[in-house]
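Undergrad: One structure coming up, written as C-alpha cells, with questions to follow.
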Amino acid sequence: MSSDRIKSSSGEPAIRVVMMPRDTNAANTIFGGVLLSYIDQAGFAEARRQAKHRYVTVAMHEVKFHEPVFVGDVVSFHCRTTKIGRTSLTVSIDVHAERFEGGQVVKVTEAEVVFVATDNNGNPIPVLSD
C-alpha cells in the first residue's frame with residue numbers, strides 16, 4: 001500500500017506508564033520482557049488507530065535496548081506506522097524514559113513490530129478496504 005493511506009502520528013505517545021518495583025530484575029532495573037509487553041500494547045494501539053480490527057503480533061524485528069529503565073521512570077511509547085500491506089502493518093516504536101531523578105528524557109528502546117489483521121476466527125483479513 002502507498003504511504004498516503006497511512007494516518008500520520010499525532011506526536012503523542014500511544015501509551016505512557018510509570019515503572020514500579022514489581023517490574024525489576026535482580027540488578028534493580030526493569031525487565032526487558034516488561035518493556036516488550038508494553039511495546040506490543042503500544043503497537044496494537046497504533047494498529048487500531050490505522051484500522052479498527054483484531055490484530056495478532058507476528059514479528060518483533062530489531063528490538064534494541066539502549067539504556068536501562070529504573071523504578072519511578074515515566075516511560076512513553078511513541079509509535080508510527082511505517083507500512084501497510086494487504087493483511088499486515090508494520091509499526092516503528094521508540095521508547096523514552098523520563099528519569100525519576102532529575103527528569104532527563106532518554107531513548108531507552110526501539111523496535112519494529114508487525115501485526116496481522118484477523119477476523120473473529122483468527123483468519124487474516126485486509127487491513128484497508130479498497
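Naming scheme: A, B, ... for chains in displayed order of the C-alpha cells; residues 1 onward per chain; ligands 1 onward as shown.
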Using only C-alpha atoms, which residues sit within 10 Å of segment 91-95 of chain A once same-chain residues fewer than 4 positions away are excluded, as a PyMOL selection string?
TA: chain A and resi 13-14+16+35+38-40+42-44+46-47+60-61+63-66+75-84+106-115
Undergrad: Restricting the calculation to only C-alpha atoms, which member of A:Phe31, A:Phe70, A:Phe100, A:Tyr55 is positioned closest to Pro126 of chain A?
TA: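 Of A:Phe31, A:Phe70, A:Phe100, A:Tyr55, the one nearest Pro126 of chain A is A:Tyr55, counting only C-alpha atoms.
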Undergrad: Run DSSP on the backbone of this structure and report the residues of chain A it assigns to strand (DSSP E or B), as a count of residues only.
TA: 55
Undergrad: Out of A:Ala97, A:Ile15, A:Leu36, A:Val105, which residue has the shortest atom-to-atom distance to Val71 of chain A when counting only C-alpha atoms?
TA: A:Ala97
Undergrad: Any idea what the distance is between atom CA of Ser88 of chain A and atom CA of Arg48 of chain A?
TA: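 Going from atom CA of Ser88 of chain A over to atom CA of Arg48 of chain A, I get 11.9 Å.
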Undergrad: Rounded to one decimal in Å, what is the spacing between atom CA of Ala117 of chain A and atom CA of Ala45 of chain A?
TA: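 Distance between the two atoms: 12.8 Å.
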Undergrad: Which residues are close to Gly122 of chain A, i.e. within 10 Å by only C-alpha atoms, leaving aside same-chain residues fewer than 6 positions away? Reply as a short mmCIF file (atom, residue, chain, number, x, y, z; two decimals) with N, CA and C atoms, in the first residue's frame.
TA:
data_model
loop_
_atom_site.label_atom_id
_atom_site.label_comp_id
_atom_site.auth_asym_id
_atom_site.auth_seq_id
_atom_site.Cartn_x
_atom_site.Cartn_y
_atom_site.Cartn_z
N ARG A 54 -9.18 -6.70 14.85
CA ARG A 54 -8.39 -7.51 15.77
C ARG A 54 -7.03 -7.66 15.11
N TYR A 55 -5.96 -7.72 15.91
CA TYR A 55 -4.62 -7.91 15.37
C TYR A 55 -3.89 -8.95 16.19
N VAL A 56 -3.03 -9.68 15.51
CA VAL A 56 -2.09 -10.56 16.21
C VAL A 56 -0.68 -10.10 15.86
N VAL A 116 -0.85 -8.59 12.08
CA VAL A 116 -1.75 -9.06 11.04
C VAL A 116 -3.18 -8.87 11.52
#
